[in-house]
file data_36.txt (compact mmCIF, C-alpha atoms (C1' of nucleotides))
# COMPACT_ATOMS: atom_id res chain seq x y z
CA MET A 4 -19.43 -13.92 -1.05
CA THR A 5 -19.70 -15.72 2.23
CA SER A 6 -18.39 -18.80 3.97
CA THR A 7 -17.94 -21.03 0.95
CA LYS A 8 -15.67 -18.62 -0.78
CA ARG A 9 -13.84 -17.73 2.37
CA LYS A 10 -12.84 -21.27 3.10
CA LYS A 11 -11.21 -21.53 -0.28
CA LEU A 12 -8.50 -19.08 0.68
CA LYS A 13 -5.63 -20.64 2.51
CA ALA A 14 -4.57 -18.63 5.55
CA LYS A 15 -1.00 -17.68 4.83
CA GLY A 16 -0.35 -15.38 7.67
CA TRP A 17 -3.38 -13.19 7.35
CA LYS A 18 -4.50 -11.62 10.56
CA PHE A 19 -6.51 -8.67 9.58
CA GLY A 20 -7.22 -5.83 11.92
CA ASP A 21 -8.95 -7.20 14.95
CA VAL A 22 -10.19 -10.33 13.26
CA GLN A 23 -8.70 -13.47 14.72
CA ASP A 24 -10.33 -16.28 12.85
CA PHE A 25 -9.58 -16.38 9.18
CA LEU A 26 -13.00 -17.68 8.37
CA GLU A 27 -14.59 -14.67 10.00
CA LEU A 28 -13.40 -12.09 7.50
CA SER A 29 -15.79 -9.34 6.59
CA ASP A 30 -16.64 -8.67 2.98
CA GLU A 31 -14.40 -5.61 3.04
CA GLU A 32 -11.49 -7.68 4.18
CA MET A 33 -12.21 -10.30 1.56
CA ALA A 34 -12.33 -7.66 -1.14
CA PHE A 35 -8.99 -6.29 -0.03
CA ILE A 36 -7.31 -9.69 0.00
CA GLU A 37 -8.76 -10.66 -3.35
CA MET A 38 -7.47 -7.42 -4.84
CA LYS A 39 -4.01 -8.30 -3.68
CA LEU A 40 -4.29 -11.80 -5.09
CA ALA A 41 -5.54 -10.40 -8.38
CA LEU A 42 -2.61 -7.99 -8.60
CA GLY A 43 -0.24 -10.84 -7.77
CA ARG A 44 -1.67 -12.91 -10.60
CA SER A 45 -1.29 -9.98 -12.96
CA LEU A 46 2.30 -9.52 -11.96
CA LYS A 47 3.09 -13.16 -12.55
CA GLU A 48 1.40 -13.12 -15.94
CA ARG A 49 3.21 -10.01 -17.08
CA ARG A 50 6.54 -11.25 -15.84
CA GLN A 51 6.14 -14.59 -17.56
CA ARG A 52 4.94 -13.00 -20.76
CA LYS A 53 8.25 -11.14 -20.82
CA GLY A 54 10.20 -14.31 -20.18
CA LEU A 55 11.64 -12.99 -16.93
CA SER A 56 12.50 -15.08 -13.89
CA GLN A 57 11.50 -13.80 -10.46
CA ALA A 58 15.16 -12.98 -9.87
CA ALA A 59 15.33 -10.95 -13.08
CA LEU A 60 12.23 -8.98 -12.16
CA ALA A 61 13.64 -8.44 -8.68
CA ARG A 62 16.73 -6.85 -10.22
CA LEU A 63 14.53 -4.65 -12.36
CA ILE A 64 12.67 -3.24 -9.39
CA SER A 65 15.57 -3.27 -6.92
CA SER A 66 14.05 -5.96 -4.81
CA SER A 67 14.73 -9.63 -4.16
CA GLN A 68 13.54 -12.92 -5.61
CA SER A 69 11.89 -13.82 -2.34
CA ARG A 70 9.85 -10.66 -2.25
CA VAL A 71 8.71 -11.19 -5.82
CA ALA A 72 7.62 -14.70 -4.88
CA LYS A 73 5.70 -13.31 -1.92
CA MET A 74 4.01 -10.76 -4.18
CA GLU A 75 2.91 -13.43 -6.60
CA THR A 76 1.67 -15.83 -3.95
CA GLY A 77 -0.22 -13.21 -2.02
CA ASP A 78 1.83 -13.24 1.15
CA ALA A 79 0.32 -11.11 3.89
CA SER A 80 3.54 -9.14 4.23
CA VAL A 81 3.35 -7.39 0.86
CA SER A 82 1.69 -4.05 0.33
CA ILE A 83 -0.50 -3.07 -2.57
CA ASP A 84 1.86 -0.16 -3.06
CA LEU A 85 4.67 -2.55 -3.87
CA LEU A 86 2.49 -4.61 -6.20
CA ILE A 87 1.41 -1.51 -8.08
CA LYS A 88 4.91 -0.10 -8.35
CA SER A 89 6.10 -3.43 -9.69
CA LEU A 90 3.34 -3.66 -12.26
CA LEU A 91 4.05 -0.11 -13.40
CA ALA A 92 7.71 -1.05 -13.72
CA LEU A 93 6.67 -3.89 -16.02
CA GLY A 94 4.88 -1.39 -18.21
CA ALA A 95 1.30 -1.78 -17.02
CA SER A 96 -0.90 1.25 -17.56
CA ARG A 97 -3.31 2.62 -15.01
CA LYS A 98 -6.10 1.29 -17.12
CA GLU A 99 -4.63 -2.19 -17.04
CA LEU A 100 -4.14 -1.95 -13.29
CA ALA A 101 -7.75 -0.92 -12.93
CA LYS A 102 -8.81 -3.97 -14.86
CA SER A 103 -6.88 -6.29 -12.57
CA ILE A 104 -8.39 -4.69 -9.53
CA GLU A 105 -11.88 -4.86 -10.89
CA GLN A 106 -12.09 -8.48 -11.87
CA SER A 107 -13.05 -10.80 -9.11
CA LYS A 108 -11.09 -13.74 -10.28
CA ARG A 109 -11.47 -14.70 -13.90
CA PRO A 110 -14.33 -16.33 -15.83
CA ALA A 111 -13.32 -19.76 -14.48
CA ALA A 112 -12.95 -21.65 -17.72
CA ALA A 113 -13.80 -25.10 -16.41
CA MET B 28 2.57 13.61 -19.55
CA THR B 29 5.85 15.39 -19.19
CA SER B 30 7.25 18.53 -17.68
CA THR B 31 4.16 20.69 -17.93
CA LYS B 32 2.06 18.29 -15.99
CA ARG B 33 4.78 17.52 -13.54
CA LYS B 34 5.22 21.09 -12.51
CA LYS B 35 1.57 21.28 -11.60
CA LEU B 36 2.03 18.93 -8.69
CA LYS B 37 3.18 20.60 -5.56
CA ALA B 38 5.97 18.74 -3.82
CA LYS B 39 4.54 17.86 -0.45
CA GLY B 40 7.25 15.65 0.81
CA TRP B 41 7.60 13.42 -2.18
CA LYS B 42 11.02 11.93 -2.57
CA PHE B 43 10.56 8.96 -4.72
CA GLY B 44 13.06 6.17 -4.94
CA ASP B 45 16.38 7.55 -6.00
CA VAL B 46 14.93 10.60 -7.66
CA GLN B 47 15.99 13.81 -5.98
CA ASP B 48 14.40 16.52 -8.02
CA PHE B 49 10.65 16.52 -8.01
CA LEU B 50 10.50 17.71 -11.57
CA GLU B 51 12.48 14.70 -12.69
CA LEU B 52 9.88 12.07 -11.95
CA SER B 53 9.56 9.23 -14.38
CA ASP B 54 6.23 8.42 -15.96
CA GLU B 55 5.89 5.42 -13.66
CA GLU B 56 6.36 7.58 -10.63
CA MET B 57 3.89 10.11 -11.94
CA ALA B 58 1.32 7.39 -12.54
CA PHE B 59 1.76 6.13 -9.01
CA ILE B 60 1.36 9.57 -7.47
CA GLU B 61 -1.64 10.40 -9.60
CA MET B 62 -3.29 7.16 -8.56
CA LYS B 63 -2.89 8.15 -4.96
CA LEU B 64 -4.29 11.60 -5.63
CA ALA B 65 -7.23 10.07 -7.50
CA LEU B 66 -8.00 7.73 -4.62
CA GLY B 67 -7.75 10.64 -2.20
CA ARG B 68 -10.27 12.60 -4.24
CA SER B 69 -12.59 9.60 -4.30
CA LEU B 70 -12.34 9.25 -0.57
CA LYS B 71 -13.19 12.89 0.00
CA GLU B 72 -16.15 12.71 -2.36
CA ARG B 73 -17.55 9.59 -0.76
CA ARG B 74 -17.08 10.91 2.72
CA GLN B 75 -18.78 14.19 1.92
CA ARG B 76 -21.62 12.49 0.10
CA LYS B 77 -22.31 10.65 3.35
CA GLY B 78 -22.17 13.86 5.33
CA LEU B 79 -19.27 12.66 7.45
CA SER B 80 -16.52 14.85 8.89
CA GLN B 81 -12.93 13.68 8.67
CA ALA B 82 -13.10 12.93 12.38
CA ALA B 83 -16.23 10.79 11.88
CA LEU B 84 -14.60 8.82 9.10
CA ALA B 85 -11.49 8.42 11.23
CA ARG B 86 -13.59 6.80 13.95
CA LEU B 87 -15.14 4.51 11.38
CA ILE B 88 -11.80 3.18 10.23
CA SER B 89 -10.01 3.31 13.58
CA SER B 90 -7.69 6.06 12.48
CA SER B 91 -7.35 9.76 13.22
CA GLN B 92 -8.58 13.00 11.69
CA SER B 93 -5.07 13.99 10.76
CA ARG B 94 -4.46 10.81 8.84
CA VAL B 95 -7.72 11.21 6.97
CA ALA B 96 -6.68 14.74 6.03
CA LYS B 97 -3.35 13.43 4.79
CA MET B 98 -5.12 10.80 2.73
CA GLU B 99 -7.33 13.37 1.08
CA THR B 100 -4.55 15.86 0.40
CA GLY B 101 -2.19 13.27 -1.02
CA ASP B 102 0.48 13.42 1.64
CA ALA B 103 3.52 11.34 0.78
CA SER B 104 3.23 9.42 4.02
CA VAL B 105 0.02 7.59 3.15
CA SER B 106 -0.08 4.20 1.50
CA ILE B 107 -2.41 3.04 -1.22
CA ASP B 108 -3.29 0.18 1.10
CA LEU B 109 -4.75 2.61 3.61
CA LEU B 110 -6.63 4.54 0.94
CA ILE B 111 -8.15 1.37 -0.43
CA LYS B 112 -9.11 0.01 2.98
CA SER B 113 -10.77 3.33 3.77
CA LEU B 114 -12.70 3.40 0.52
CA LEU B 115 -13.87 -0.16 1.08
CA ALA B 116 -14.98 0.84 4.57
CA LEU B 117 -17.09 3.58 2.99
CA GLY B 118 -18.79 0.98 0.86
CA ALA B 119 -16.88 1.34 -2.39
CA SER B 120 -16.88 -1.77 -4.57
CA ARG B 121 -13.83 -3.11 -6.35
CA LYS B 122 -15.36 -1.90 -9.58
CA GLU B 123 -15.66 1.61 -8.22
CA LEU B 124 -12.11 1.51 -6.94
CA ALA B 125 -10.96 0.41 -10.35
CA LYS B 126 -12.70 3.37 -11.89
CA SER B 127 -10.93 5.80 -9.58
CA ILE B 128 -7.59 4.25 -10.36
CA GLU B 129 -8.20 4.30 -14.07
CA GLN B 130 -9.22 7.87 -14.58
CA SER B 131 -6.39 10.27 -15.03
CA LYS B 132 -8.05 13.19 -13.43
CA ARG B 133 -11.55 13.96 -14.56
CA PRO B 134 -12.90 15.52 -17.76
CA ALA B 135 -11.91 18.97 -16.55
CA ALA B 136 -15.23 20.76 -16.80
CA ALA B 137 -13.90 24.24 -17.41
C1' DA C 14 23.11 -39.18 -8.31
C1' DC C 15 24.61 -34.53 -9.15
C1' DA C 16 24.56 -29.61 -10.78
C1' DG C 17 21.85 -25.83 -12.43
C1' DT C 18 17.71 -23.10 -12.57
C1' DA C 19 13.23 -21.46 -10.80
C1' DT C 20 10.15 -20.73 -7.13
C1' DA C 21 8.55 -20.81 -2.20
C1' DT C 22 8.99 -19.84 2.76
C1' DG C 23 11.10 -18.28 7.28
C1' DT C 24 13.71 -14.76 9.60
C1' DC C 25 15.43 -10.27 10.70
C1' DA C 26 17.47 -5.51 10.91
C1' DG C 27 16.59 -1.27 8.68
C1' DT C 28 13.07 1.68 6.74
C1' DT C 29 8.43 3.32 6.04
C1' DT C 30 3.78 3.91 7.54
C1' DT C 31 0.48 4.54 11.26
C1' DG C 32 -2.48 6.51 14.98
C1' DA C 33 -2.25 9.92 18.12
C1' DC C 34 -1.32 14.31 19.64
C1' DA C 35 -0.41 19.28 19.29
C1' DT C 36 -1.21 23.08 16.84
C1' DA C 37 -2.62 26.22 12.95
C1' DT C 38 -5.93 28.11 9.75
C1' DA C 39 -10.48 29.06 8.13
C1' DC C 40 -15.29 29.70 8.45
C1' DA C 41 -19.59 30.21 10.89
C1' DC C 42 -22.73 32.49 14.07
C1' DA C 43 -23.63 35.07 18.30
C1' DT D 14 -14.54 39.50 19.95
C1' DG D 15 -15.13 34.86 21.38
C1' DT D 16 -16.67 29.81 20.86
C1' DG D 17 -17.44 25.90 18.07
C1' DT D 18 -16.61 23.02 14.06
C1' DA D 19 -13.89 21.39 10.13
C1' DT D 20 -9.61 20.71 7.94
C1' DA D 21 -4.41 20.92 7.43
C1' DT D 22 0.37 20.09 8.93
C1' DG D 23 4.37 18.65 11.95
C1' DT D 24 6.16 15.23 15.08
C1' DC D 25 6.99 10.77 17.12
C1' DA D 26 6.81 5.97 19.17
C1' DA D 27 4.92 1.78 17.76
C1' DA D 28 3.52 -1.17 14.14
C1' DA D 29 3.97 -2.78 9.48
C1' DC D 30 6.72 -3.46 5.38
C1' DT D 31 11.09 -4.23 2.85
C1' DG D 32 15.38 -6.21 0.89
C1' DA D 33 18.43 -9.57 1.87
C1' DC D 34 19.76 -13.91 3.21
C1' DA D 35 19.27 -18.86 4.22
C1' DT D 36 17.07 -22.74 3.03
C1' DA D 37 13.59 -25.95 0.94
C1' DT D 38 11.24 -27.97 -2.93
C1' DA D 39 10.71 -29.12 -7.67
C1' DC D 40 12.02 -29.78 -12.25
C1' DT D 41 15.31 -29.97 -15.66
C1' DG D 42 19.43 -32.05 -18.09
C1' DT D 43 23.83 -35.08 -17.50
call {"tool": "encode", "arguments": {"input": "data_36.txt", "output": "structure tokens"}}
result
Amino acid sequence: MTSTKRKKLKAKGWKFGDVQDFLELSDEEMAFIEMKLALGRSLKERRQRKGLSQAALARLISSSQSRVAKMETGDASVSIDLLIKSLLALGASRKELAKSIEQSKRPAAA
Amino acid sequence: MTSTKRKKLKAKGWKFGDVQDFLELSDEEMAFIEMKLALGRSLKERRQRKGLSQAALARLISSSQSRVAKMETGDASVSIDLLIKSLLALGASRKELAKSIEQSKRPAAA
DNA sequence: ACAGTATATGTCAGTTTTGACATATACACA
DNA sequence: TGTGTATATGTCAAAACTGACATATACTGT
């Protein structure tokens, strides 16, 4: 929950609210960022499972390859709205979206 | 899922993507809007359970009473990002958020 | 080495979202 | 009737997001 986990996230451009230092994120902010990352992972999985390139998905949702890449890598410039719309476009149900949002990361099969 | 349900939603300012006519929303678009409405309901519930006014919540999240009202009434101008940040600020967990997103409306206790 | 494909990252003008403000409605209780 | 509190709705400048483009990296095959 705290510093250990925080340091694992690479600052990509995240400057959240008033918080300057990336390592000083509150738990709320962490939760929000992790949700975005989780949705990005889901998007990538779904896209790949369908054998689509980022460019092909971009066409499908009237966006661009670069924005799809940013969604999947968790760039600070992408909204959750866009992630959700994209996942819905790939056929995800609300229930499946909920599952992505809920899970903290994945069982870590190491 | 289809026309019956669609007509129940009052057009508040929704003009989604290319779709002109509100009654012609695709299932994806419906799912997106219903998610927003569900999150708005959750926000209202949580706020009221804490005995906060919209103005008090607004202070808490550095926003304004009017924007909180728009969040709770499902105004087309509010993002899911803002709804989620607000719910997190009220102490909702990712699991609880997931639950809100998942449920279509509520068992309808009539 | 070169060409083709896939993904990542930086930039930017156009669009959308935001907080703030004004104002309206509704309900209480003096 | 007024005064106070709570919520809803319209507007707008400023901030955030978006698609598009350029470009970089990496991994094919040839």
call {"tool": "atom_distance", "arguments": {"input": "data_36.txt", "atom1": "atom CA of A:Glu31", "atom2": "atom CA of B:Leu115"}}
result
5.8 Å
call {"tool": "atom_distance", "arguments": {"input": "data_36.txt", "atom1": "atom CA of B:Ser127", "atom2": "atom CA of B:Arg68"}}
result
8.7 Å
call {"tool": "closest_residue", "arguments": {"input": "data_36.txt", "among": "C:DT22, C:DA43, C:DA33, C:DG17", "to": "chain A", "atoms": "only C-alpha atoms (C1' of nucleotides)"}}
result
C:DT22
call {"tool": "atom_distance", "arguments": {"input": "data_36.txt", "atom1": "atom C1' of D:DT16", "atom2": "atom CA of B:Gln75"}}
result
24.6 Å
call {"tool": "closest_atom_pairs", "arguments": {"input": "data_36.txt", "of": "chain A", "to": "chain C", "cutoff": "8 Å", "atoms": "all atoms listed in the file", "output": "CSV"}}
result
residue,atom,partner,partner_atom,distance
A:Ser56,CA,C:DA19,C1',7.1
A:Gln57,CA,C:DT20,C1',7.8
A:Ser69,CA,C:DA21,C1',7.7
A:Ala72,CA,C:DA21,C1',6.7
call {"tool": "residues_around", "arguments": {"input": "data_36.txt", "residues": "A:Glu99", "least_positions_apart": "2", "cutoff": "10 Å", "atoms": "all atoms listed in the file", "output": "PyMOL selection string"}}
result
(chain A and resi 45+90-91+94-97+101-105) or (chain B and resi 125+128-129)
call {"tool": "closest_residue", "arguments": {"input": "data_36.txt", "among": "A:Ile87, A:Ala41, A:Ser66, A:Ala58", "to": "chain D", "atoms": "only C-alpha atoms (C1' of nucleotides)"}}
result
A:Ser66
call {"tool": "closest_atom_pairs", "arguments": {"input": "data_36.txt", "of": "chain D", "to": "chain A", "cutoff": "12 Å", "atoms": "only C-alpha atoms (C1' of nucleotides)", "output": "CSV"}}
result
residue,atom,partner,partner_atom,distance
D:DA28,C1',A:Gly20,CA,11.9
D:DA29,C1',A:Ser80,CA,8.3
D:DC30,C1',A:Ser80,CA,6.6
D:DT31,C1',A:Arg70,CA,8.3
D:DG32,C1',A:Ser66,CA,5.9
D:DA33,C1',A:Ser67,CA,7.1
D:DC34,C1',A:Ser69,CA,9.6
D:DA35,C1',A:Ser69,CA,11.1
D:DT36,C1',A:Ser69,CA,11.6
